[in-house]
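What follows is target.txt (compact mmCIF, C-alpha atoms and all ligand atoms).
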# COMPACT_ATOMS: atom_id res chain seq x y z
CA MET A 1 5.57 81.64 -101.74
CA LEU A 2 2.78 82.89 -103.96
CA PRO A 3 1.01 86.14 -103.13
CA ASP A 4 -1.74 86.22 -100.54
CA LEU A 5 -3.83 89.39 -100.64
CA ILE A 6 -6.16 89.89 -97.70
CA THR A 7 -7.26 93.43 -98.63
CA PRO A 8 -7.66 95.21 -101.96
CA VAL A 9 -4.35 96.85 -102.92
CA PRO A 10 -3.38 99.36 -101.69
CA GLY A 11 -5.14 98.55 -98.43
CA PRO A 12 -6.50 101.10 -95.94
CA ARG A 13 -3.27 101.33 -93.93
CA SER A 14 -1.19 102.00 -97.03
CA GLN A 15 -3.67 104.65 -98.13
CA GLN A 16 -3.52 106.38 -94.75
CA LEU A 17 0.27 106.25 -94.74
CA ALA A 18 0.38 107.74 -98.24
CA ALA A 19 -1.79 110.65 -97.15
CA ARG A 20 0.37 111.30 -94.08
CA LEU A 21 3.58 111.09 -96.10
CA GLY A 22 2.23 113.58 -98.61
CA GLU A 23 2.10 116.17 -95.83
CA VAL A 24 5.69 115.78 -94.72
CA GLU A 25 7.92 114.42 -97.49
CA CYS A 26 9.35 116.41 -100.39
CA ARG A 27 6.70 116.08 -103.06
CA ASN A 28 9.18 114.98 -105.71
CA THR A 29 10.05 111.77 -103.86
CA THR A 30 7.36 109.09 -103.37
CA PHE A 31 4.89 108.75 -106.25
CA ARG A 32 1.35 108.62 -104.93
CA SER A 33 -1.89 107.82 -106.75
CA PRO A 34 -5.07 105.92 -105.82
CA GLU A 35 -3.29 102.70 -106.93
CA TRP A 36 0.15 103.42 -105.52
CA PRO A 37 2.21 102.80 -103.33
CA VAL A 38 1.97 99.99 -100.81
CA PHE A 39 4.01 100.45 -97.64
CA TRP A 40 6.32 97.58 -96.75
CA GLU A 41 6.33 96.10 -93.28
CA ARG A 42 8.62 93.08 -93.67
CA ALA A 43 10.26 90.88 -96.27
CA GLU A 44 11.76 87.40 -96.54
CA GLY A 45 13.18 85.51 -99.50
CA VAL A 46 11.09 86.41 -102.56
CA ASN A 47 8.19 87.80 -100.52
CA VAL A 48 7.22 91.15 -99.08
CA TRP A 49 4.38 91.90 -96.64
CA ASP A 50 2.74 95.31 -96.60
CA ALA A 51 1.30 97.34 -93.75
CA ASP A 52 -2.12 95.76 -94.38
CA GLY A 53 -0.76 92.21 -94.14
CA ASN A 54 -0.82 91.45 -97.89
CA ARG A 55 1.93 89.12 -99.13
CA TYR A 56 3.55 89.91 -102.50
CA LEU A 57 5.83 88.08 -104.87
CA GLU A 58 8.74 90.49 -105.23
CA LEU A 59 10.39 90.50 -108.66
CA THR A 60 12.65 93.56 -108.33
CA SER A 61 14.89 92.63 -105.35
CA ALA A 62 13.93 96.15 -104.24
CA PHE A 63 16.05 97.94 -106.86
CA GLY A 64 18.42 94.98 -107.18
CA VAL A 65 19.51 94.97 -103.54
CA ALA A 66 18.06 91.70 -102.18
CA THR A 67 19.81 89.51 -104.75
CA LEU A 68 20.38 86.69 -102.27
CA GLY A 69 16.81 86.98 -101.00
CA HIS A 70 15.25 89.49 -98.63
CA GLY A 71 16.67 89.05 -95.15
CA PHE A 72 19.71 87.04 -96.24
CA THR A 73 22.13 89.20 -94.25
CA ALA A 74 19.79 89.77 -91.29
CA GLU A 75 21.68 87.40 -88.98
CA ALA A 76 24.95 89.21 -89.70
CA VAL A 77 23.41 92.54 -88.73
CA ARG A 78 21.76 91.07 -85.62
CA HIS A 79 25.04 89.59 -84.51
CA GLN A 80 27.08 92.70 -85.30
CA SER A 81 24.61 95.09 -83.66
CA ARG A 82 25.32 93.46 -80.29
CA ASP A 83 28.95 94.61 -80.44
CA LEU A 84 29.49 97.72 -82.52
CA LEU A 85 27.13 99.96 -84.46
CA HIS A 86 29.56 102.59 -85.60
CA ALA A 87 33.30 103.23 -85.65
CA MET A 88 35.60 105.97 -86.98
CA GLY A 89 35.84 105.02 -90.63
CA ASP A 90 39.14 106.62 -91.71
CA VAL A 91 40.56 107.24 -88.21
CA HIS A 92 39.97 104.25 -85.90
CA PRO A 93 38.07 101.90 -88.19
CA ALA A 94 36.04 98.81 -87.40
CA ARG A 95 38.06 95.57 -87.65
CA LEU A 96 35.55 94.35 -90.21
CA LYS A 97 36.60 97.02 -92.70
CA VAL A 98 39.83 95.09 -93.25
CA GLU A 99 37.95 91.86 -93.96
CA LEU A 100 35.55 93.58 -96.32
CA CYS A 101 38.31 95.20 -98.38
CA GLU A 102 40.07 91.81 -98.57
CA ARG A 103 36.87 90.14 -99.82
CA LEU A 104 36.35 92.90 -102.38
CA SER A 105 39.86 92.43 -103.71
CA ALA A 106 39.37 88.66 -103.85
CA ILE A 107 36.10 88.76 -105.77
CA THR A 108 37.29 91.38 -108.30
CA PHE A 109 40.87 91.95 -109.39
CA GLU A 110 42.44 88.93 -107.67
CA SER A 111 39.93 86.73 -109.42
CA TRP A 112 40.29 88.56 -112.76
CA THR A 113 44.05 89.21 -112.90
CA GLY A 114 45.70 87.73 -109.82
CA GLY A 115 46.71 91.26 -108.70
CA LYS A 116 45.26 93.02 -105.68
CA GLY A 117 42.37 95.46 -105.81
CA LYS A 118 42.20 98.42 -103.45
CA THR A 119 38.94 99.87 -102.22
CA LEU A 120 37.37 103.18 -101.38
CA LEU A 121 34.17 102.51 -99.47
CA GLY A 122 31.12 104.72 -99.70
CA ASN A 123 27.48 104.73 -98.71
CA SER A 124 25.24 105.01 -101.80
CA GLY A 125 26.02 103.71 -105.26
CA PHE A 126 26.50 107.19 -106.66
CA GLU A 127 29.28 107.79 -104.15
CA ALA A 128 31.19 104.80 -105.53
CA VAL A 129 30.86 106.34 -109.00
CA GLU A 130 32.10 109.68 -107.74
CA ALA A 131 35.05 107.96 -106.02
CA ALA A 132 35.91 106.26 -109.32
CA LEU A 133 35.70 109.54 -111.26
CA LYS A 134 37.95 111.26 -108.71
CA THR A 135 40.41 108.35 -108.89
CA ALA A 136 40.54 108.61 -112.68
CA ALA A 137 41.12 112.37 -112.45
CA LEU A 138 44.01 111.88 -110.02
CA ALA A 139 45.53 108.96 -111.91
CA THR A 140 45.36 110.49 -115.39
CA ARG A 141 45.43 114.23 -114.56
CA ARG A 142 42.79 114.62 -117.24
CA THR A 143 39.35 116.16 -116.81
CA GLY A 144 37.29 114.65 -119.64
CA ILE A 145 34.72 111.88 -119.15
CA LEU A 146 33.17 109.58 -121.73
CA ALA A 147 29.74 108.30 -120.78
CA PHE A 148 26.70 106.91 -122.58
CA GLU A 149 23.25 107.96 -123.65
CA GLY A 150 20.70 106.17 -121.48
CA ALA A 151 23.21 105.71 -118.64
CA TYR A 152 22.25 105.90 -114.98
CA HIS A 153 24.95 106.26 -112.36
CA GLY A 154 22.99 107.89 -109.55
CA LEU A 155 22.05 111.45 -108.82
CA GLY A 156 24.83 113.16 -106.84
CA TYR A 157 26.34 116.17 -108.60
CA GLY A 158 29.46 114.18 -109.49
CA ALA A 159 27.57 111.12 -110.70
CA LEU A 160 25.30 113.39 -112.78
CA LEU A 161 28.36 114.12 -114.92
CA GLY A 162 27.80 110.63 -116.34
CA ALA A 163 24.01 110.88 -116.65
CA GLY A 164 22.72 109.78 -120.02
CA ILE A 165 19.03 110.24 -119.19
CA PRO A 166 18.57 113.99 -119.76
CA TRP A 167 15.76 114.77 -117.30
CA PHE A 168 17.89 113.87 -114.29
CA ARG A 169 20.52 116.36 -115.38
CA GLU A 170 18.43 119.15 -116.85
CA PRO A 171 17.31 121.06 -113.72
CA PHE A 172 20.93 121.21 -112.55
CA ASP A 173 22.67 121.30 -115.90
CA ASN A 174 24.03 124.82 -115.59
CA GLN A 175 25.80 123.84 -112.36
CA LEU A 176 27.65 120.94 -113.96
CA ALA A 177 31.02 121.19 -115.65
CA ARG A 178 31.08 120.71 -119.43
CA ILE A 179 33.49 117.81 -119.30
CA THR A 180 31.39 114.87 -120.47
CA THR A 181 31.02 113.49 -123.98
CA LEU A 182 27.98 111.22 -124.33
CA LEU A 183 28.23 108.43 -126.89
CA PRO A 184 25.41 106.20 -128.15
CA PHE A 185 25.12 102.95 -126.19
CA PRO A 186 24.84 100.12 -128.72
CA ALA A 187 21.98 97.64 -128.48
CA ASP A 188 22.91 95.81 -131.69
CA GLU A 189 25.37 95.83 -134.61
CA THR A 190 23.84 98.99 -136.12
CA GLY A 191 24.23 100.72 -132.80
CA LEU A 192 27.80 99.47 -132.63
CA ASP A 193 28.56 101.25 -135.90
CA ALA A 194 27.06 104.48 -134.56
CA PHE A 195 29.12 104.11 -131.38
CA ARG A 196 32.30 103.49 -133.39
CA SER A 197 31.77 106.58 -135.56
CA ALA A 198 31.11 108.74 -132.50
CA LEU A 199 34.18 107.35 -130.72
CA ALA A 200 36.33 108.02 -133.78
CA ASN A 201 35.52 111.73 -133.36
CA VAL A 202 36.60 111.88 -129.73
CA ASP A 203 39.96 113.45 -128.96
CA GLY A 204 41.39 110.88 -126.56
CA HIS A 205 44.03 113.22 -125.12
CA ASP A 206 41.79 114.83 -122.55
CA ILE A 207 39.61 111.87 -121.55
CA GLY A 208 40.55 110.46 -118.15
CA ALA A 209 37.52 108.25 -117.48
CA VAL A 210 35.26 106.05 -119.56
CA LEU A 211 32.23 105.34 -117.38
CA VAL A 212 29.92 102.56 -118.52
CA GLU A 213 27.37 100.03 -117.31
CA PRO A 214 28.21 96.64 -118.88
CA ILE A 215 24.44 96.20 -119.28
CA GLN A 216 22.36 99.37 -119.05
CA GLY A 217 19.80 98.90 -116.30
CA ARG A 218 17.66 101.99 -115.89
CA GLY A 219 18.19 102.66 -119.59
CA GLY A 220 16.02 99.61 -120.35
CA ILE A 221 18.10 96.45 -119.70
CA ILE A 222 20.17 96.99 -122.84
CA ILE A 223 22.76 94.30 -123.55
CA PRO A 224 25.48 95.59 -125.88
CA PRO A 225 27.07 93.37 -128.56
CA PRO A 226 29.95 91.23 -127.25
CA SER A 227 32.75 93.30 -128.80
CA PHE A 228 31.61 96.59 -127.20
CA LEU A 229 33.39 96.36 -123.85
CA ARG A 230 36.47 94.95 -125.57
CA GLU A 231 36.58 97.92 -127.95
CA LEU A 232 36.28 100.31 -125.01
CA ARG A 233 39.13 98.45 -123.29
CA GLU A 234 41.30 98.79 -126.37
CA TRP A 235 40.48 102.49 -126.74
CA CYS A 236 41.38 103.11 -123.10
CA ASP A 237 44.64 101.19 -123.51
CA GLN A 238 45.51 103.31 -126.54
CA THR A 239 44.55 106.69 -125.08
CA GLY A 240 45.47 106.19 -121.42
CA ALA A 241 41.92 106.74 -120.15
CA LEU A 242 40.71 104.55 -117.30
CA LEU A 243 37.84 102.15 -117.83
CA ILE A 244 35.21 102.28 -115.07
CA PHE A 245 32.54 99.61 -114.98
CA ASP A 246 29.47 100.59 -113.02
CA GLU A 247 28.35 97.17 -111.80
CA ILE A 248 26.19 98.62 -109.04
CA PHE A 249 23.13 96.96 -110.59
CA THR A 250 24.70 94.16 -112.65
CA GLY A 251 27.36 92.98 -110.20
CA LEU A 252 27.28 90.12 -107.70
CA ASN A 253 25.47 87.34 -109.53
CA ARG A 254 22.68 89.45 -110.96
CA THR A 255 23.35 88.36 -114.55
CA GLY A 256 24.26 84.69 -114.11
CA LYS A 257 27.94 85.52 -113.59
CA ARG A 258 29.54 87.20 -110.63
CA PHE A 259 29.96 90.35 -112.73
CA ALA A 260 28.38 91.27 -116.05
CA CYS A 261 31.81 92.14 -117.51
CA GLU A 262 32.76 88.47 -117.12
CA TRP A 263 30.42 87.61 -119.99
CA ASP A 264 32.87 89.36 -122.29
CA GLY A 265 36.05 88.65 -120.33
CA VAL A 266 36.92 92.35 -120.11
CA VAL A 267 38.68 93.68 -117.01
CA PRO A 268 38.12 97.33 -116.03
CA ASP A 269 40.55 99.59 -114.18
CA LEU A 270 37.89 100.44 -111.62
CA VAL A 271 34.61 98.79 -110.71
CA CYS A 272 31.74 100.32 -108.74
CA LEU A 273 29.59 98.17 -106.47
CA GLY A 274 26.57 98.89 -104.29
CA LYS A 275 23.04 97.56 -103.97
CA ALA A 276 23.50 93.76 -103.56
CA LEU A 277 26.83 94.30 -101.80
CA SER A 278 25.14 94.26 -98.40
CA GLY A 279 21.66 93.04 -99.29
CA GLY A 280 20.07 95.96 -97.45
CA PHE A 281 22.44 98.49 -95.93
CA PRO A 282 23.68 101.64 -97.66
CA ILE A 283 27.26 100.66 -98.39
CA SER A 284 29.09 100.89 -101.69
CA ALA A 285 32.60 100.36 -103.00
CA CYS A 286 34.88 101.65 -105.69
CA VAL A 287 37.46 98.92 -106.23
CA GLY A 288 40.42 99.61 -108.51
CA LYS A 289 43.63 97.98 -109.62
CA ALA A 290 46.11 98.66 -106.82
CA ALA A 291 48.41 100.70 -109.08
CA VAL A 292 45.51 102.90 -110.20
CA MET A 293 44.18 103.44 -106.68
CA ASP A 294 47.68 104.39 -105.56
CA ALA A 295 47.18 107.64 -107.48
CA TRP A 296 45.62 108.77 -104.19
CA PRO A 297 48.40 110.18 -102.02
CA GLU A 298 49.22 108.51 -98.70
CA THR A 299 47.05 110.15 -96.04
CA HIS A 300 48.77 112.08 -93.29
CA GLY A 301 45.63 112.23 -91.17
CA GLU A 302 43.19 114.13 -93.35
CA ALA A 303 41.62 111.87 -95.97
CA LEU A 304 40.65 113.60 -99.20
CA HIS A 305 37.61 111.40 -99.76
CA THR A 306 35.75 109.98 -96.78
CA SER A 307 32.51 110.30 -94.86
CA THR A 308 31.16 109.84 -91.34
CA PHE A 309 29.76 106.39 -92.00
CA LEU A 310 32.62 105.06 -94.15
CA GLY A 311 33.15 101.38 -93.38
CA ASN A 312 30.22 101.25 -91.00
CA PRO A 313 30.49 97.94 -89.10
CA LEU A 314 26.88 96.91 -89.71
CA GLY A 315 27.32 97.44 -93.44
CA CYS A 316 30.69 95.67 -93.39
CA ALA A 317 29.24 92.65 -91.53
CA MET A 318 26.36 92.39 -93.98
CA ALA A 319 28.63 92.83 -96.99
CA ILE A 320 31.05 90.16 -95.74
CA ALA A 321 28.17 87.71 -95.27
CA ALA A 322 26.86 88.54 -98.75
CA LEU A 323 30.29 88.32 -100.41
CA ASP A 324 30.99 84.96 -98.77
CA GLU A 325 27.85 83.70 -100.48
CA HIS A 326 28.62 85.43 -103.79
CA LEU A 327 32.09 83.87 -103.81
CA LYS A 328 30.61 80.34 -103.84
CA PRO A 329 30.46 78.85 -107.35
CA ALA A 330 27.10 77.29 -106.40
CA THR A 331 25.58 80.76 -105.98
CA THR A 332 26.61 81.77 -109.48
CA ALA A 333 25.36 78.47 -110.88
CA ALA A 334 21.98 78.96 -109.14
CA ALA A 335 21.70 82.51 -110.52
CA ALA A 336 22.42 81.21 -114.02
CA ASP A 337 19.94 78.31 -113.75
CA GLN A 338 17.14 80.37 -112.25
CA GLY A 339 17.80 83.08 -114.84
CA THR A 340 17.45 80.54 -117.63
CA ALA A 341 14.18 79.30 -116.16
CA LEU A 342 12.84 82.86 -115.93
CA HIS A 343 13.97 83.71 -119.47
CA THR A 344 12.40 80.56 -120.89
CA ALA A 345 9.08 81.38 -119.22
CA LEU A 346 9.17 85.01 -120.38
CA MET A 347 9.91 83.88 -123.93
CA THR A 348 6.43 82.29 -124.01
CA LEU A 349 5.10 85.88 -124.01
CA SER A 350 6.88 86.64 -127.29
CA GLY A 351 3.77 86.46 -129.46
CA GLU A 352 1.55 88.40 -127.03
CA PRO A 353 0.22 91.92 -127.75
CA PHE A 354 2.74 94.79 -127.43
CA VAL A 355 5.72 92.46 -126.81
CA THR A 356 8.53 93.35 -129.22
CA ALA A 357 11.51 91.85 -127.39
CA VAL A 358 12.33 89.51 -124.54
CA ARG A 359 15.94 89.71 -123.44
CA GLY A 360 18.21 89.42 -120.48
CA ARG A 361 20.99 87.61 -118.73
CA GLY A 362 20.61 85.57 -115.59
CA LEU A 363 18.22 87.14 -113.13
CA LEU A 364 18.11 90.40 -115.07
CA GLN A 365 15.42 90.06 -117.72
CA ALA A 366 13.25 92.44 -119.68
CA ILE A 367 10.17 92.55 -121.88
CA GLU A 368 10.01 95.49 -124.24
CA LEU A 369 6.57 96.82 -125.21
CA HIS A 370 5.54 98.84 -128.26
CA HIS A 371 2.23 99.92 -129.75
CA PRO A 372 1.39 98.49 -133.18
CA ASP A 373 2.42 101.84 -134.76
CA GLY A 374 5.90 101.48 -133.27
CA ARG A 375 5.55 103.93 -130.36
CA PRO A 376 7.13 102.74 -127.09
CA ALA A 377 4.26 101.54 -124.88
CA GLY A 378 5.20 103.09 -121.54
CA ASP A 379 1.49 103.69 -120.88
CA VAL A 380 0.78 99.97 -121.28
CA ALA A 381 3.78 98.99 -119.14
CA ILE A 382 2.75 101.15 -116.19
CA GLY A 383 -0.81 99.87 -116.49
CA ILE A 384 0.49 96.29 -116.35
CA VAL A 385 2.71 97.05 -113.37
CA GLN A 386 -0.33 98.44 -111.55
CA GLU A 387 -2.52 95.47 -112.52
CA LEU A 388 0.13 93.03 -111.36
CA LEU A 389 0.36 94.85 -108.05
CA GLN A 390 -3.36 94.13 -107.64
CA GLN A 391 -2.50 90.44 -108.14
CA GLY A 392 0.31 90.61 -105.61
CA VAL A 393 3.26 90.75 -108.01
CA LEU A 394 5.80 93.55 -107.59
CA LEU A 395 7.47 94.67 -110.80
CA LEU A 396 8.88 97.94 -112.20
CA PRO A 397 9.12 99.54 -115.64
CA GLU A 398 12.49 100.78 -116.93
CA GLY A 399 13.74 102.52 -120.04
CA PRO A 400 13.65 106.18 -121.07
CA THR A 401 9.90 106.02 -121.71
CA GLY A 402 9.16 103.32 -119.13
CA HIS A 403 8.22 100.82 -121.84
CA VAL A 404 10.41 97.98 -120.59
CA LEU A 405 9.11 95.61 -117.91
CA ALA A 406 12.19 94.74 -115.87
CA PHE A 407 12.67 91.58 -113.82
CA SER A 408 15.46 91.46 -111.25
CA PRO A 409 14.11 88.96 -108.72
CA PRO A 410 15.95 87.59 -105.72
CA LEU A 411 17.60 84.19 -105.97
CA GLY A 412 15.27 81.43 -104.88
CA LEU A 413 12.36 82.10 -107.22
CA ASP A 414 10.78 78.72 -108.00
CA ALA A 415 8.97 77.40 -111.06
CA GLY A 416 5.52 77.89 -109.50
CA GLU A 417 6.25 81.53 -108.72
CA ILE A 418 7.63 82.19 -112.19
CA GLY A 419 4.58 80.52 -113.77
CA PHE A 420 2.19 82.56 -111.60
CA ALA A 421 3.80 85.88 -112.58
CA VAL A 422 4.04 85.03 -116.27
CA GLU A 423 0.41 83.93 -116.54
CA TRP A 424 -0.86 87.13 -114.88
CA LEU A 425 1.39 89.07 -117.21
CA ARG A 426 -0.04 87.25 -120.22
CA GLN A 427 -3.61 88.00 -119.14
CA SER A 428 -2.76 91.62 -118.46
CA LEU A 429 -1.13 92.06 -121.89
CA ARG A 430 -4.21 90.60 -123.56
CA ARG A 431 -6.58 92.80 -121.49
CA LYS A 432 -4.64 95.92 -122.49
CA ASN A 433 -5.12 94.95 -126.13
CA LYS A 434 -8.92 95.12 -125.91
C1 LIG B 1 23.98 101.26 -112.60
C2 LIG B 1 23.69 102.13 -111.40
N1 LIG B 1 24.65 102.95 -110.97
C3 LIG B 1 24.46 103.74 -109.91
C4 LIG B 1 23.27 103.74 -109.22
C5 LIG B 1 23.06 104.67 -108.07
O1 LIG B 1 23.04 103.98 -106.87
P1 LIG B 1 22.39 104.67 -105.59
O2 LIG B 1 20.94 104.89 -105.89
O3 LIG B 1 22.63 103.70 -104.47
O4 LIG B 1 23.12 105.97 -105.39
C6 LIG B 1 22.24 102.89 -109.65
C7 LIG B 1 20.94 102.88 -108.98
O5 LIG B 1 19.93 102.45 -109.46
C8 LIG B 1 22.46 102.06 -110.78
O6 LIG B 1 21.51 101.23 -111.24

Please express what this file holds, its structure, as structure tokens.
Amino acid sequence: MLPDLITPVPGPRSQQLAARLGEVECRNTTFRSPEWPVFWERAEGVNVWDADGNRYLELTSAFGVATLGHGFTAEAVRHQSRDLLHAMGDVHPARLKVELCERLSAITFESWTGGKGKTLLGNSGFEAVEAALKTAALATRRTGILAFEGAYHGLGYGALLGAGIPWFREPFDNQLARITTLLPFPADETGLDAFRSALANVDGHDIGAVLVEPIQGRGGIIIPPPSFLRELREWCDQTGALLIFDEIFTGLNRTGKRFACEWDGVVPDLVCLGKALSGGFPISACVGKAAVMDAWPETHGEALHTSTFLGNPLGCAMAIAALDEHLKPATTAAAADQGTALHTALMTLSGEPFVTAVRGRGLLQAIELHHPDGRPAGDVAIGIVQELLQQGVLLLPEGPTGHVLAFSPPLGLDAGEIGFAVEWLRQSLRRKNK
């Protein structure tokens, strides 16, 4: 449904809530300004309602979580909450943990290679990354990590080892081990040459993990050339390092395939999943080839890597419901079709002011903005995001300078909704040019 604003945005309730929050939440967390934020009350499909009753068209899937539509897994959680809210993850687990690990194996390594995948569950995405890094350290007995400039893998101390956006790392840099080599992430053939030269200078003997997003999300929706993942695969095969794909953002039908790595037909040793896995519950997974995961010793009652909420039954029930949908070929086909429709509509903005690139795969699309003198136009992008909010369209900027308008809508966006968003975007781009 199209937006329906019944108060100016943000409305009085959102403004009051922002003031109250400012008194009690760490000041580095929720950005507040006269135009920002709106406080969400409920959500369904491609729509969100705020505390003032305004209805928005939601084009982010709330950080890529509601891929199947807001509320898709609500019935699973309602049903599960009648029976069991919590179990003892690595001691006496919920029955559903078994089913979830089976589904995760089926959708990843069984589908890619025919062999089983084994899973370490976590809560947030960054925990899946940390589980993958620990697995690589155990399996290879090497400490070194290769990661990429512009990369985002979450903000835990372990995940920060792979951070390619410097400001996330800087305040804590002197607490982090010097074990990461950052390589340039290629956006085109020139970038591929730079990546190859940098890789040629890496001593492969001490690298245990190569951590990479198949498409960089937070880095600005950067799609590398098709040979990139293949070349990383070959390098890992030659050196003995393990290839970790962080598909926390790109996985589960976000890009018009079940996983972004399927565009290039490259199979990792470990894959990290989160976000869309449950459609709205903090649960994540590091899934690896069985032989790789068996680097973890058999537990004798004291797991080396676990947490209180591991395999939480509500999260498992939601993830099973979501994976059952993601496993259907029709879901992938719908993501591809709707992504094509969105891309085609966004392409009509190509000649508009500031627009220097329109790119994307499936329901992960981006418009890059620059000033006429070539400077990245992060100032314009944030202005547009705020203007669109006033029209009832929720969008976010990405990229190191915030100059990329990112679209990661839920499945189910129709032609009318796409047209509405694109026309407001066009008008906003033109207004910013005056
Ligand atoms: C590619 C990628 N990896 C990891 C993460 C971290 O996930 P979480 O915020 O759930 O810890 C994100 C979050 O945006 C992400 O986009």

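Checking A:Ala200, A:Leu155, A:Leu363, A:Ala62 one by one against ligand LIG 1 (chain B), counting only C-alpha atoms and all ligand atoms, you find the shortest gap at A:Leu155.
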
**OP:** Counting all atoms listed in the file, write as a PyMOL selection string all protein and nucleic acid residues lying at most 10 Å from (29.9, 88.3, -118.0) in the file's frame.
**Re:** chain A and resi 214-215+226+250-251+253+255-266+361-362

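Straight-line separation from atom CA of Gly217 of chain A to atom CA of Ser284 of chain A: 17.4 Å.
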
Using 8 Å of padding on each side, determine the axis-aligned box around all atoms of segment 15-25 of chain A present in the file and give its centre and edge lengths in Å to one decimal, as JSON.
{"center_x": 2.1, "center_y": 110.4, "center_z": -96.3, "size_x": 27.6, "size_y": 27.5, "size_z": 20.5}

**OP:** Quick one: pull the distance between atom CA of Arg375 of chain A and atom CA of Asn433 of chain A, Å, one decimal.
**Re:** 14.6 Å

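Every protein or nucleic acid residue with an atom no more than 8 Å from segment 180-187 of chain A, counting all atoms listed in the file and leaving out same-chain residues fewer than 5 positions away, appears here: Gly144, Ile145, Leu146, Ala147, Phe148, Glu149, Gly150, Leu161, Gly162, Gly164, Leu192, Ala194, Phe195, Ala198, Leu199, Ile222, Ile223, Pro224, Pro225 and Phe228 of chain A.
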
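Ranking A:Val9, A:Ala319, A:Cys286, A:Ala341 by their shortest atom-to-atom distance to Pro268 of chain A, with all atoms listed in the file included, puts A:Cys286 first.
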
Original post:
Would you name the residues within 9 Å of ligand LIG 1 (chain B), counting all atoms listed in the file, and put them as a PyMOL selection string?
Top reply: chain A and resi 63-64+123-129+151-156+159+212-218+246-250+272-275+282-284

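Residue nearest Trp49 of chain A within the list A:Val77, A:Leu2, A:Ile179, A:Leu425: A:Leu2 [criterion: smallest interatomic distance, all atoms listed in the file].
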